[in-house]
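Reproduced below: query-v1.cif, with mmCIF, C-alpha atoms.
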```cif
data_entry
loop_
_atom_site.group_PDB
_atom_site.id
_atom_site.type_symbol
_atom_site.label_atom_id
_atom_site.label_comp_id
_atom_site.auth_asym_id
_atom_site.auth_seq_id
_atom_site.Cartn_x
_atom_site.Cartn_y
_atom_site.Cartn_z
ATOM 1 C CA MET B 1 -0.574 79.399 -165.307
ATOM 2 C CA LEU B 2 -3.380 81.186 -163.434
ATOM 3 C CA ASN B 3 -5.571 78.131 -163.851
ATOM 4 C CA LYS B 4 -2.885 75.913 -162.285
ATOM 5 C CA ILE B 5 -2.551 78.263 -159.307
ATOM 6 C CA SER B 6 -6.313 78.363 -158.894
ATOM 7 C CA ASN B 7 -6.520 74.576 -159.050
ATOM 8 C CA LEU B 8 -3.703 74.286 -156.501
ATOM 9 C CA LYS B 9 -5.500 76.648 -154.131
ATOM 10 C CA LEU B 10 -8.679 74.656 -154.585
ATOM 11 C CA VAL B 11 -6.900 71.391 -153.799
ATOM 12 C CA LEU B 12 -5.194 72.899 -150.750
ATOM 13 C CA GLY B 13 -8.534 74.276 -149.591
ATOM 14 C CA LEU B 14 -10.195 70.897 -149.925
ATOM 15 C CA VAL B 15 -7.330 69.241 -148.070
ATOM 16 C CA LEU B 16 -7.598 71.815 -145.277
ATOM 17 C CA LEU B 17 -11.362 71.320 -145.023
ATOM 18 C CA GLY B 18 -10.804 67.585 -144.877
ATOM 19 C CA LEU B 19 -8.303 67.957 -142.040
ATOM 20 C CA VAL B 20 -10.688 70.221 -140.137
ATOM 21 C CA TYR B 21 -13.504 67.721 -140.643
ATOM 22 C CA LEU B 22 -11.349 64.846 -139.410
ATOM 23 C CA ALA B 23 -10.236 66.845 -136.369
ATOM 24 C CA VAL B 24 -13.778 67.835 -135.453
ATOM 25 C CA THR B 25 -15.041 64.306 -136.027
ATOM 26 C CA TYR B 26 -12.272 62.864 -133.883
ATOM 27 C CA PHE B 27 -12.908 65.397 -131.104
ATOM 28 C CA ASP B 28 -16.653 64.784 -131.109
ATOM 29 C CA SER B 29 -16.117 61.039 -131.200
ATOM 30 C CA SER B 30 -13.690 61.205 -128.283
ATOM 31 C CA LYS B 31 -16.028 63.478 -126.366
ATOM 32 C CA SER B 32 -19.035 61.279 -127.092
ATOM 33 C CA GLU B 33 -17.121 58.184 -126.112
ATOM 34 C CA GLU B 34 -15.971 59.885 -122.944
ATOM 35 C CA LEU B 35 -19.456 60.950 -121.933
ATOM 36 C CA GLU B 36 -20.879 57.545 -122.708
ATOM 37 C CA LYS B 37 -18.909 56.282 -119.747
ATOM 38 C CA GLN B 38 -21.281 54.502 -117.374
ATOM 39 C CA LEU B 39 -21.018 56.339 -114.083
ATOM 40 C CA VAL B 40 -23.527 54.156 -112.250
ATOM 41 C CA ALA B 41 -23.623 50.393 -112.628
ATOM 42 C CA ILE B 42 -25.814 48.978 -109.885
ATOM 43 C CA ASP B 43 -28.420 46.247 -109.753
ATOM 44 C CA THR B 44 -31.282 47.912 -107.915
ATOM 45 C CA ALA B 45 -32.788 44.534 -107.028
ATOM 46 C CA GLN B 46 -29.573 43.586 -105.207
ATOM 47 C CA VAL B 47 -28.954 46.851 -103.347
ATOM 48 C CA THR B 48 -28.918 46.264 -99.595
ATOM 49 C CA ALA B 49 -27.702 49.580 -98.174
ATOM 50 C CA ILE B 50 -27.442 53.253 -99.092
ATOM 51 C CA ASP B 51 -25.498 55.890 -97.163
ATOM 52 C CA ILE B 52 -25.984 59.601 -97.868
ATOM 53 C CA ILE B 53 -23.457 61.797 -96.072
ATOM 54 C CA SER B 54 -23.943 65.554 -96.163
ATOM 55 C CA GLY B 55 -22.100 67.707 -93.682
ATOM 56 C CA GLU B 56 -22.528 66.215 -90.231
ATOM 57 C CA GLN B 57 -25.625 64.230 -91.099
ATOM 58 C CA THR B 58 -25.599 60.667 -92.369
ATOM 59 C CA VAL B 59 -28.711 58.997 -93.726
ATOM 60 C CA LYS B 60 -28.395 55.217 -93.499
ATOM 61 C CA LEU B 61 -30.898 53.123 -95.443
ATOM 62 C CA THR B 62 -30.842 49.331 -95.176
ATOM 63 C CA ARG B 63 -32.959 46.639 -96.763
ATOM 64 C CA ASP B 64 -34.567 44.015 -94.557
ATOM 65 C CA GLY B 65 -36.191 41.523 -96.909
ATOM 66 C CA GLN B 66 -38.660 43.554 -98.951
ATOM 67 C CA GLN B 67 -38.769 46.399 -96.422
ATOM 68 C CA TRP B 68 -36.425 49.385 -96.293
ATOM 69 C CA LEU B 69 -35.378 50.820 -92.940
ATOM 70 C CA VAL B 70 -33.886 54.199 -92.083
ATOM 71 C CA GLU B 71 -31.662 54.713 -89.063
ATOM 72 C CA LEU B 72 -32.555 57.573 -86.710
ATOM 73 C CA GLN B 73 -29.941 59.687 -84.965
ATOM 74 C CA THR B 74 -30.586 57.638 -81.820
ATOM 75 C CA GLY B 75 -29.482 54.510 -83.694
ATOM 76 C CA LYS B 76 -32.980 53.077 -83.802
ATOM 77 C CA LYS B 77 -34.102 51.746 -87.183
ATOM 78 C CA VAL B 78 -37.644 52.489 -88.333
ATOM 79 C CA SER B 79 -39.608 51.786 -91.492
ATOM 80 C CA ALA B 80 -38.686 53.802 -94.551
ATOM 81 C CA GLU B 81 -41.023 54.779 -97.364
ATOM 82 C CA SER B 82 -39.996 52.200 -99.974
ATOM 83 C CA SER B 83 -41.306 54.300 -102.868
ATOM 84 C CA LYS B 84 -38.899 57.104 -101.951
ATOM 85 C CA VAL B 85 -35.949 54.700 -101.854
ATOM 86 C CA LYS B 86 -36.983 53.311 -105.228
ATOM 87 C CA GLU B 87 -37.229 56.855 -106.592
ATOM 88 C CA LEU B 88 -33.650 57.517 -105.434
ATOM 89 C CA LEU B 89 -32.328 54.315 -107.046
ATOM 90 C CA ASP B 90 -34.185 55.048 -110.285
ATOM 91 C CA GLN B 91 -32.600 58.503 -110.389
ATOM 92 C CA LEU B 92 -29.145 57.024 -109.923
ATOM 93 C CA ILE B 93 -29.354 54.450 -112.704
ATOM 94 C CA ASP B 94 -30.680 57.149 -115.051
ATOM 95 C CA ILE B 95 -27.695 59.463 -114.532
ATOM 96 C CA ARG B 96 -26.297 60.625 -117.875
ATOM 97 C CA PRO B 97 -23.430 63.161 -117.858
ATOM 98 C CA ASP B 98 -23.758 66.001 -120.365
ATOM 99 C CA ARG B 99 -20.169 67.156 -120.366
ATOM 100 C CA LEU B 100 -16.783 66.779 -118.725
ATOM 101 C CA ALA B 101 -16.417 69.669 -116.280
ATOM 102 C CA ALA B 102 -12.897 68.987 -114.977
ATOM 103 C CA LYS B 103 -10.109 66.474 -115.550
ATOM 104 C CA ASP B 104 -8.314 66.819 -112.220
ATOM 105 C CA GLN B 105 -8.864 67.832 -108.624
ATOM 106 C CA SER B 106 -7.988 71.498 -109.155
ATOM 107 C CA LYS B 107 -11.712 72.233 -109.699
ATOM 108 C CA TRP B 108 -13.164 69.928 -107.070
ATOM 109 C CA GLY B 109 -13.819 72.768 -104.654
ATOM 110 C CA ASP B 110 -15.490 74.895 -107.335
ATOM 111 C CA TYR B 111 -17.932 72.103 -108.141
ATOM 112 C CA LYS B 112 -18.363 70.958 -104.505
ATOM 113 C CA VAL B 113 -17.246 67.417 -105.208
ATOM 114 C CA ASP B 114 -14.707 67.457 -102.395
ATOM 115 C CA SER B 115 -15.449 67.190 -98.676
ATOM 116 C CA THR B 116 -18.122 69.906 -99.034
ATOM 117 C CA GLY B 117 -20.227 67.760 -101.362
ATOM 118 C CA THR B 118 -22.736 65.017 -100.645
ATOM 119 C CA ALA B 119 -21.186 61.553 -100.509
ATOM 120 C CA LEU B 120 -23.371 58.715 -101.733
ATOM 121 C CA ARG B 121 -22.460 55.051 -101.232
ATOM 122 C CA VAL B 122 -24.483 52.093 -102.430
ATOM 123 C CA ALA B 123 -23.789 48.530 -101.319
ATOM 124 C CA GLU B 124 -24.893 45.204 -102.717
ATOM 125 C CA GLY B 125 -24.230 42.816 -99.870
ATOM 126 C CA GLU B 126 -20.643 43.345 -98.711
ATOM 127 C CA THR B 127 -19.595 45.079 -101.921
ATOM 128 C CA ILE B 128 -19.699 48.853 -102.465
ATOM 129 C CA THR B 129 -20.953 49.172 -106.033
ATOM 130 C CA LEU B 130 -21.235 52.970 -106.113
ATOM 131 C CA ASP B 131 -19.151 55.557 -104.283
ATOM 132 C CA MET B 132 -19.866 59.034 -105.602
ATOM 133 C CA VAL B 133 -19.611 62.670 -104.531
ATOM 134 C CA ILE B 134 -22.333 65.039 -105.724
ATOM 135 C CA GLY B 135 -22.199 68.818 -105.875
ATOM 136 C CA GLN B 136 -25.065 71.067 -106.874
ATOM 137 C CA SER B 137 -25.101 74.481 -108.503
ATOM 138 C CA GLY B 138 -28.501 75.701 -109.629
ATOM 139 C CA SER B 139 -29.978 73.132 -111.985
ATOM 140 C CA THR B 140 -26.622 71.478 -112.683
ATOM 141 C CA SER B 141 -25.283 68.501 -110.749
ATOM 142 C CA TYR B 142 -21.565 67.790 -110.624
ATOM 143 C CA LEU B 143 -20.613 64.161 -110.212
ATOM 144 C CA ARG B 144 -17.328 62.526 -109.292
ATOM 145 C CA LEU B 145 -16.657 58.886 -108.614
ATOM 146 C CA ALA B 146 -14.741 58.715 -105.326
ATOM 147 C CA ASP B 147 -11.738 56.908 -106.797
ATOM 148 C CA GLU B 148 -11.447 59.084 -109.911
ATOM 149 C CA GLN B 149 -10.231 62.593 -110.734
ATOM 150 C CA GLU B 150 -12.747 63.587 -113.407
ATOM 151 C CA VAL B 151 -15.820 65.682 -112.687
ATOM 152 C CA TYR B 152 -18.899 65.337 -114.879
ATOM 153 C CA ALA B 153 -21.775 67.781 -115.217
ATOM 154 C CA SER B 154 -25.378 66.747 -115.673
ATOM 155 C CA ASP B 155 -28.291 69.075 -116.333
ATOM 156 C CA ARG B 156 -30.754 66.189 -116.220
ATOM 157 C CA PHE B 157 -29.874 64.628 -112.858
ATOM 158 C CA MET B 158 -31.329 66.911 -110.185
ATOM 159 C CA GLY B 159 -29.079 65.695 -107.429
ATOM 160 C CA LEU B 160 -30.692 64.883 -104.132
ATOM 161 C CA ASN B 161 -32.804 68.060 -104.039
ATOM 162 C CA ASN B 162 -32.180 68.435 -100.311
ATOM 163 C CA LYS B 163 -33.725 64.992 -99.814
ATOM 164 C CA ASP B 164 -30.879 63.967 -97.569
ATOM 165 C CA GLN B 165 -32.887 64.553 -94.398
ATOM 166 C CA ILE B 166 -33.596 61.410 -92.393
ATOM 167 C CA ASN B 167 -37.265 62.246 -92.018
ATOM 168 C CA HIS B 168 -37.688 62.463 -95.797
ATOM 169 C CA TYR B 169 -37.193 58.705 -96.090
ATOM 170 C CA ARG B 170 -39.244 57.707 -93.037
ATOM 171 C CA ASP B 171 -42.642 56.117 -93.450
ATOM 172 C CA ASN B 172 -44.762 59.143 -92.564
ATOM 173 C CA THR B 173 -48.125 57.375 -92.724
ATOM 174 C CA PHE B 174 -50.296 58.359 -89.787
ATOM 175 C CA VAL B 175 -53.597 56.827 -90.879
ATOM 176 C CA LYS B 176 -54.380 54.753 -93.954
ATOM 177 C CA MET B 177 -57.664 52.855 -93.904
ATOM 178 C CA ASN B 178 -60.314 51.289 -96.048
ATOM 179 C CA THR B 179 -63.300 53.187 -94.679
ATOM 180 C CA ASP B 180 -66.030 51.416 -96.654
ATOM 181 C CA SER B 181 -66.999 49.071 -93.829
ATOM 182 C CA LEU B 182 -66.588 51.176 -90.691
ATOM 183 C CA MET B 183 -68.862 50.082 -87.841
ATOM 184 C CA THR B 184 -67.999 52.226 -84.819
ATOM 185 C CA ILE B 185 -65.773 55.152 -83.912
ATOM 186 C CA ALA B 186 -65.267 55.426 -80.153
ATOM 187 C CA PHE B 187 -63.810 58.615 -78.669
ATOM 188 C CA ASN B 188 -62.388 57.704 -75.267
ATOM 189 C CA TYR B 189 -61.664 60.856 -73.279
ATOM 190 C CA ALA B 190 -61.077 61.687 -69.638
ATOM 191 C CA GLY B 191 -64.090 62.296 -67.446
ATOM 192 C CA ASP B 192 -67.547 61.970 -68.941
ATOM 193 C CA SER B 193 -66.759 63.440 -72.382
ATOM 194 C CA SER B 194 -66.395 60.078 -74.139
ATOM 195 C CA PHE B 195 -68.877 59.134 -76.856
ATOM 196 C CA GLN B 196 -69.347 56.762 -79.793
ATOM 197 C CA LEU B 197 -70.522 56.944 -83.368
ATOM 198 C CA VAL B 198 -72.326 53.834 -84.560
ATOM 199 C CA ASN B 199 -73.064 52.844 -88.149
ATOM 200 C CA GLN B 200 -76.533 51.328 -88.369
ATOM 201 C CA GLN B 201 -77.110 50.154 -91.917
ATOM 202 C CA GLY B 202 -75.423 53.194 -93.409
ATOM 203 C CA SER B 203 -76.944 55.708 -91.009
ATOM 204 C CA TRP B 204 -74.681 57.126 -88.299
ATOM 205 C CA SER B 205 -75.936 57.767 -84.787
ATOM 206 C CA PHE B 206 -74.570 58.238 -81.288
ATOM 207 C CA GLU B 207 -74.466 55.357 -78.803
ATOM 208 C CA ASP B 208 -77.741 56.492 -77.233
ATOM 209 C CA GLY B 209 -79.505 56.140 -80.573
ATOM 210 C CA SER B 210 -79.785 59.850 -81.367
ATOM 211 C CA ALA B 211 -78.947 60.769 -84.929
ATOM 212 C CA ALA B 212 -75.574 62.245 -85.899
ATOM 213 C CA ASP B 213 -75.151 64.687 -88.776
ATOM 214 C CA SER B 214 -74.266 62.321 -91.630
ATOM 215 C CA ILE B 215 -72.439 64.991 -93.660
ATOM 216 C CA LYS B 216 -70.179 65.833 -90.728
ATOM 217 C CA VAL B 217 -69.524 62.161 -89.985
ATOM 218 C CA LEU B 218 -68.592 61.467 -93.613
ATOM 219 C CA ALA B 219 -66.285 64.502 -93.639
ATOM 220 C CA TYR B 220 -64.509 63.058 -90.598
ATOM 221 C CA ILE B 221 -64.298 59.583 -92.118
ATOM 222 C CA ARG B 222 -62.600 61.002 -95.204
ATOM 223 C CA LYS B 223 -59.741 62.077 -92.945
ATOM 224 C CA LEU B 224 -59.220 58.400 -92.079
ATOM 225 C CA ASP B 225 -58.636 57.352 -95.693
ATOM 226 C CA LEU B 226 -55.053 58.605 -95.819
ATOM 227 C CA ARG B 227 -53.128 61.070 -93.678
ATOM 228 C CA TYR B 228 -49.409 61.757 -93.636
ATOM 229 C CA SER B 229 -47.304 63.858 -91.292
ATOM 230 C CA ASP B 230 -43.605 64.776 -91.394
ATOM 231 C CA ASN B 231 -43.635 66.306 -87.910
ATOM 232 C CA PHE B 232 -41.961 63.400 -86.165
ATOM 233 C CA SER B 233 -41.178 63.404 -82.470
ATOM 234 C CA GLU B 234 -38.008 61.754 -81.202
ATOM 235 C CA GLN B 235 -40.013 60.083 -78.439
ATOM 236 C CA ASP B 236 -39.563 56.329 -78.279
ATOM 237 C CA GLY B 237 -42.706 55.819 -76.201
ATOM 238 C CA SER B 238 -40.958 54.615 -73.048
ATOM 239 C CA SER B 239 -41.582 57.862 -71.152
ATOM 240 C CA LEU B 240 -45.105 58.593 -72.350
ATOM 241 C CA GLY B 241 -47.094 56.403 -70.002
ATOM 242 C CA THR B 242 -50.838 55.968 -70.467
ATOM 243 C CA SER B 243 -52.547 57.841 -73.274
ATOM 244 C CA LEU B 244 -54.539 60.976 -72.506
ATOM 245 C CA ALA B 245 -57.146 60.047 -75.089
ATOM 246 C CA GLU B 246 -57.786 57.296 -77.598
ATOM 247 C CA ILE B 247 -59.933 56.847 -80.678
ATOM 248 C CA GLU B 248 -60.900 53.259 -81.511
ATOM 249 C CA ILE B 249 -62.124 52.577 -85.031
ATOM 250 C CA SER B 250 -63.672 49.206 -85.813
ATOM 251 C CA SER B 251 -64.511 47.809 -89.229
ATOM 252 C CA GLN B 252 -66.473 44.833 -90.386
ATOM 253 C CA ASN B 253 -63.689 43.294 -92.470
ATOM 254 C CA HIS B 254 -60.472 44.743 -91.005
ATOM 255 C CA GLN B 255 -58.508 44.878 -87.799
ATOM 256 C CA PRO B 256 -59.416 47.715 -85.408
ATOM 257 C CA VAL B 257 -57.307 50.867 -85.615
ATOM 258 C CA SER B 258 -56.463 53.097 -82.674
ATOM 259 C CA ILE B 259 -55.205 56.672 -82.553
ATOM 260 C CA TYR B 260 -53.547 57.837 -79.335
ATOM 261 C CA ALA B 261 -52.722 61.173 -77.743
ATOM 262 C CA TYR B 262 -49.950 61.290 -75.109
ATOM 263 C CA GLN B 263 -48.436 64.006 -72.967
ATOM 264 C CA ASP B 264 -44.643 64.067 -73.018
ATOM 265 C CA LEU B 265 -42.268 65.323 -70.320
ATOM 266 C CA ALA B 266 -42.376 68.835 -71.775
ATOM 267 C CA ASP B 267 -46.193 68.884 -71.485
ATOM 268 C CA SER B 268 -46.541 68.725 -75.262
ATOM 269 C CA VAL B 269 -49.080 66.411 -76.856
ATOM 270 C CA ILE B 270 -47.671 63.570 -78.956
ATOM 271 C CA TYR B 271 -49.763 61.459 -81.344
ATOM 272 C CA GLN B 272 -49.475 57.871 -82.504
ATOM 273 C CA SER B 273 -51.452 55.463 -84.659
ATOM 274 C CA SER B 274 -51.590 51.692 -84.314
ATOM 275 C CA LEU B 275 -50.939 51.566 -88.073
ATOM 276 C CA ASN B 276 -47.431 52.953 -87.543
ATOM 277 C CA LYS B 277 -46.573 52.124 -83.956
ATOM 278 C CA GLU B 278 -42.890 52.949 -84.203
ATOM 279 C CA SER B 279 -43.527 56.613 -85.016
ATOM 280 C CA TYR B 280 -44.707 59.447 -82.797
ATOM 281 C CA TYR B 281 -45.789 62.827 -84.139
ATOM 282 C CA ALA B 282 -45.508 66.293 -82.620
ATOM 283 C CA ASP B 283 -48.182 67.627 -84.927
ATOM 284 C CA GLY B 284 -50.932 69.726 -83.371
ATOM 285 C CA LYS B 285 -53.024 69.524 -86.535
ATOM 286 C CA LEU B 286 -53.565 65.824 -85.875
ATOM 287 C CA GLY B 287 -55.245 66.679 -82.578
ATOM 288 C CA GLN B 288 -57.441 69.284 -84.220
ATOM 289 C CA GLU B 289 -58.507 66.911 -86.992
ATOM 290 C CA TYR B 290 -59.115 63.714 -85.049
ATOM 291 C CA PHE B 291 -59.663 64.401 -81.340
ATOM 292 C CA VAL B 292 -62.926 66.294 -81.614
ATOM 293 C CA GLY B 293 -65.896 66.552 -79.296
ATOM 294 C CA LYS B 294 -69.412 65.184 -79.685
ATOM 295 C CA SER B 295 -70.694 68.555 -80.864
ATOM 296 C CA ALA B 296 -68.566 68.202 -84.023
ATOM 297 C CA PHE B 297 -71.090 65.611 -85.257
ATOM 298 C CA MET B 298 -74.296 67.223 -84.135
ATOM 299 C CA SER B 299 -76.644 69.019 -86.471
ATOM 300 C CA ASP B 300 -76.338 72.801 -86.443
ATOM 301 C CA THR B 301 -80.084 73.005 -85.752
ATOM 302 C CA GLU B 302 -79.798 71.221 -82.426
#
```

Using structure tokens, write down the structure from this file.
Amino acid sequence: MLNKISNLKLVLGLVLLGLVYLAVTYFDSSKSEELEKQLVAIDTAQVTAIDIISGEQTVKLTRDGQQWLVELQTGKKVSAESSKVKELLDQLIDIRPDRLAAKDQSKWGDYKVDSTGTALRVAEGETITLDMVIGQSGSTSYLRLADEQEVYASDRFMGLNNKDQINHYRDNTFVKMNTDSLMTIAFNYAGDSSFQLVNQQGSWSFEDGSAADSIKVLAYIRKLDLRYSDNFSEQDGSSLGTSLAEIEISSQNHQPVSIYAYQDLADSVIYQSSLNKESYYADGKLGQEYFVGKSAFMSDTE
């Protein structure tokens, strides 16, 4: 009799374990299936526009052929840094939710996926292929498709990392040159302070033939290889008039490059490069680095 009771308990125990296993398996399967939902389905090669709306600021990115443009607050469109747009699109197609954070709108405010979140819209031609609201809390991003109730959490998608500023996506190249074949660097200043550096078979001298300090010249040339600046001015150039000073750089195998210094209406100095004519920079460091006097290239022993 005791053996029968023991066997019955064993059978009931096995049945119970089986039910628990089936329940857990079903739950995990449902959860896995739920989280395998593809939140982002865009063809990055076909994307023509991206809008990022955060608070009162809207970042509008549009594709013009192979070039991306970003719209300034004035409505003017200027070149965007294509690599940064590509980085954004790559982040979007890699989004993988880790868990379901909420099933209805009762938690939208907690996860900032309501009007307080960042709205992101992606268009392919005339069709909106992604309309999402993103909230951020620490290292966790909360994601909600605009036409759905559910909120998903992702610890791997880092949101926009405050990259929703217009200037972040602008082409911030000030100077980018191949300096291997430089021939002359002319510093055109007011009065009689202008001078030139001339490359004579690898040896740099001033226009009067006197030798320049080669180490100092090469240090200056290195600044022409690549220089960025995020200190954009909202000047459009129409009120700047004639430049205060200009640096003309000529190369043997490339088009000449010019760097300009202007005085704006507020008596501030604004800088521009012919390599990025649509952008003006309110960056005093550019003046310190590039608009130097003749003594900057003279030997310390002179």

Exercise for review: Find the spatial neighbours of B:Asn253, counting only C-alpha atoms, within a cut-off of 10 Å - ignore same-chain residues fewer than 4 positions away - and output them as JSON, numbers by chain.
Suggested key: {"B": [178, 180, 181, 182, 183]}

Review point. Any idea what the distance is between atom CA of B:Glu81 and atom CA of B:Asn172?
Key: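 If I compute the distance from atom CA of B:Glu81 to atom CA of B:Asn172, I get 7.5 Å.
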
Exercise for review: Name all residues at most 7 Å from B:Val47 (count all atoms listed in the file; drop same-chain ones fewer than 4 positions away) and give them as number ranges by chain.
Suggested key: B: 43, 122-124

Review point. Quick one: distance from atom CA of B:Tyr271 to atom CA of B:Gly293 in Å, one decimal?
Key: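 The value is 17.0 Å.
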
Check your understanding: Nearest to B:Val217 among B:Val269, B:Met177, B:Ala261, B:Val292, with distances taken over only C-alpha atoms: which residue is it?
Key -> B:Val292

Exercise for review: Name every residue that the PyMOL selection byres ((chain B and resi 62) around 6) selects in this structure, writing the answer as JSON, numbers by chain with chains first and numbers rising.
Suggested key: {"B": [48, 49, 61, 63, 68, 69]}

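Picture a line from atom CA of B:Arg170 to atom CA of B:Glu87; it runs 13.7 Å.
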
**Study point:** Expansion of the PyMOL selection byres ((chain B and resi 132-142) around 9) into residues, as a PyMOL selection string
**Key:** chain B and resi 39+97+101+111-122+130-131+143-147+151-161

Go ahead and write the residues just picked, C-alpha atoms, as a PDB file, keeping the file's coordinate frame.
```pdb
ATOM      1  CA  LEU B  39     -21.018  56.339-114.083  1.00  0.00           C
ATOM      2  CA  PRO B  97     -23.430  63.161-117.858  1.00  0.00           C
ATOM      3  CA  ALA B 101     -16.417  69.669-116.280  1.00  0.00           C
ATOM      4  CA  TYR B 111     -17.932  72.103-108.141  1.00  0.00           C
ATOM      5  CA  LYS B 112     -18.363  70.958-104.505  1.00  0.00           C
ATOM      6  CA  VAL B 113     -17.246  67.417-105.208  1.00  0.00           C
ATOM      7  CA  ASP B 114     -14.707  67.457-102.395  1.00  0.00           C
ATOM      8  CA  SER B 115     -15.449  67.190 -98.676  1.00  0.00           C
ATOM      9  CA  THR B 116     -18.122  69.906 -99.034  1.00  0.00           C
ATOM     10  CA  GLY B 117     -20.227  67.760-101.362  1.00  0.00           C
ATOM     11  CA  THR B 118     -22.736  65.017-100.645  1.00  0.00           C
ATOM     12  CA  ALA B 119     -21.186  61.553-100.509  1.00  0.00           C
ATOM     13  CA  LEU B 120     -23.371  58.715-101.733  1.00  0.00           C
ATOM     14  CA  ARG B 121     -22.460  55.051-101.232  1.00  0.00           C
ATOM     15  CA  VAL B 122     -24.483  52.093-102.430  1.00  0.00           C
ATOM     16  CA  LEU B 130     -21.235  52.970-106.113  1.00  0.00           C
ATOM     17  CA  ASP B 131     -19.151  55.557-104.283  1.00  0.00           C
ATOM     18  CA  LEU B 143     -20.613  64.161-110.212  1.00  0.00           C
ATOM     19  CA  ARG B 144     -17.328  62.526-109.292  1.00  0.00           C
ATOM     20  CA  LEU B 145     -16.657  58.886-108.614  1.00  0.00           C
ATOM     21  CA  ALA B 146     -14.741  58.715-105.326  1.00  0.00           C
ATOM     22  CA  ASP B 147     -11.738  56.908-106.797  1.00  0.00           C
ATOM     23  CA  VAL B 151     -15.820  65.682-112.687  1.00  0.00           C
ATOM     24  CA  TYR B 152     -18.899  65.337-114.879  1.00  0.00           C
ATOM     25  CA  ALA B 153     -21.775  67.781-115.217  1.00  0.00           C
ATOM     26  CA  SER B 154     -25.378  66.747-115.673  1.00  0.00           C
ATOM     27  CA  ASP B 155     -28.291  69.075-116.333  1.00  0.00           C
ATOM     28  CA  ARG B 156     -30.754  66.189-116.220  1.00  0.00           C
ATOM     29  CA  PHE B 157     -29.874  64.628-112.858  1.00  0.00           C
ATOM     30  CA  MET B 158     -31.329  66.911-110.185  1.00  0.00           C
ATOM     31  CA  GLY B 159     -29.079  65.695-107.429  1.00  0.00           C
ATOM     32  CA  LEU B 160     -30.692  64.883-104.132  1.00  0.00           C
ATOM     33  CA  ASN B 161     -32.804  68.060-104.039  1.00  0.00           C
TER      34      ASN B 161
END
```

Point to revise | Minimum-distance residue to B:Asp225, chosen among B:Trp204, B:Thr179, B:Ile247, B:Ala266 (using only C-alpha atoms) | key: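 Between B:Trp204, B:Thr179, B:Ile247, B:Ala266, the residue approaching B:Asp225 most closely is B:Thr179.
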
**Study point:** Selected residue of minimal separation from B:Ser274 among B:Ala245, B:Ala212, B:Val175, B:Leu226, counting only C-alpha atoms
**Key:**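 For B:Ser274, the nearest of the given residues is B:Val175.
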
Practice item. Extract, using all atoms listed in the file, all DNA, RNA and protein residues at most 10 Å from B:Gln272, discarding same-chain residues fewer than 6 positions from it, and format them as a PyMOL selection string. Key: chain B and resi 174-175+233+237+243+246+258-262+278-282+286

Those same residues - C-alpha atoms - I'd like them written as an mmCIF file, in the coordinates of the input.
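out-v1.cif, freshly written:
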```
data_model
loop_
_atom_site.group_PDB
_atom_site.id
_atom_site.type_symbol
_atom_site.label_atom_id
_atom_site.label_comp_id
_atom_site.auth_asym_id
_atom_site.auth_seq_id
_atom_site.Cartn_x
_atom_site.Cartn_y
_atom_site.Cartn_z
ATOM 1 C CA PHE B 174 -50.296 58.359 -89.787
ATOM 2 C CA VAL B 175 -53.597 56.827 -90.879
ATOM 3 C CA SER B 233 -41.178 63.404 -82.470
ATOM 4 C CA GLY B 237 -42.706 55.819 -76.201
ATOM 5 C CA SER B 243 -52.547 57.841 -73.274
ATOM 6 C CA GLU B 246 -57.786 57.296 -77.598
ATOM 7 C CA SER B 258 -56.463 53.097 -82.674
ATOM 8 C CA ILE B 259 -55.205 56.672 -82.553
ATOM 9 C CA TYR B 260 -53.547 57.837 -79.335
ATOM 10 C CA ALA B 261 -52.722 61.173 -77.743
ATOM 11 C CA TYR B 262 -49.950 61.290 -75.109
ATOM 12 C CA GLU B 278 -42.890 52.949 -84.203
ATOM 13 C CA SER B 279 -43.527 56.613 -85.016
ATOM 14 C CA TYR B 280 -44.707 59.447 -82.797
ATOM 15 C CA TYR B 281 -45.789 62.827 -84.139
ATOM 16 C CA ALA B 282 -45.508 66.293 -82.620
ATOM 17 C CA LEU B 286 -53.565 65.824 -85.875
#
```

With 4 Å of padding per side, what axis-aligned box (centre and edge lengths, Å, one decimal) covers all the listed atoms of stretch 218-236 of chain B? Give it as lines of an AutoDock Vina configuration file.
```
center_x = -53.3
center_y = 61.3
center_z = -87.0
size_x = 38.6
size_y = 18.0
size_z = 25.5
```

Point to revise | Expected residue set, 9 Å radius at (-43.2, 56.9, -94.9), only C-alpha atoms, as a list in words | key: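 Within the cut-off we find Ser79, Ala80, Glu81, Ser82, Ser83, Lys84, Asn167, His168, Tyr169, Arg170, Asp171, Asn172, Thr173, Phe174, Tyr228, Ser229 and Asp230 of chain B.
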
Check your understanding: Given the file above and the PyMOL selection byres ((chain B and resi 206) around 12), which residues are selected, and can you give them as a ChimeraX atom specification?
Key -> /B:183-187,194-200,203-205,207-214,217,294-298

Check your understanding: So, counting only C-alpha atoms, which residue among B:Val78, B:Leu240, B:Leu275, B:Ala45 is closest to B:Gln66?
Key ->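 With only C-alpha atoms as the atom set, the closest residue is B:Ala45.
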
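In terms of minimum interatomic distance to B:Gln165, B:Ser54 ranks closest within B:Thr127, B:Ser54, B:Thr44, B:Ser250, counting all atoms listed in the file.
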
Point to revise | Residue among B:Thr242, B:Ser273, B:Gln201, B:Thr74 lying closest to B:Val257, counting only C-alpha atoms | key: B:Ser273

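If you count only C-alpha atoms and ignore residues fewer than 2 places along the chain from B:Leu265, what sits within 9 Å of it is Ser239, Leu240, Gln263, Asp267 and Ser268 of chain B.
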
The selected residues should be written to file as an mmCIF file, in the frame of the given file (atoms: C-alpha atoms).
```cif
data_model
loop_
_atom_site.group_PDB
_atom_site.id
_atom_site.type_symbol
_atom_site.label_atom_id
_atom_site.label_comp_id
_atom_site.auth_asym_id
_atom_site.auth_seq_id
_atom_site.Cartn_x
_atom_site.Cartn_y
_atom_site.Cartn_z
ATOM 1 C CA SER B 239 -41.582 57.862 -71.152
ATOM 2 C CA LEU B 240 -45.105 58.593 -72.350
ATOM 3 C CA GLN B 263 -48.436 64.006 -72.967
ATOM 4 C CA ASP B 267 -46.193 68.884 -71.485
ATOM 5 C CA SER B 268 -46.541 68.725 -75.262
#
```
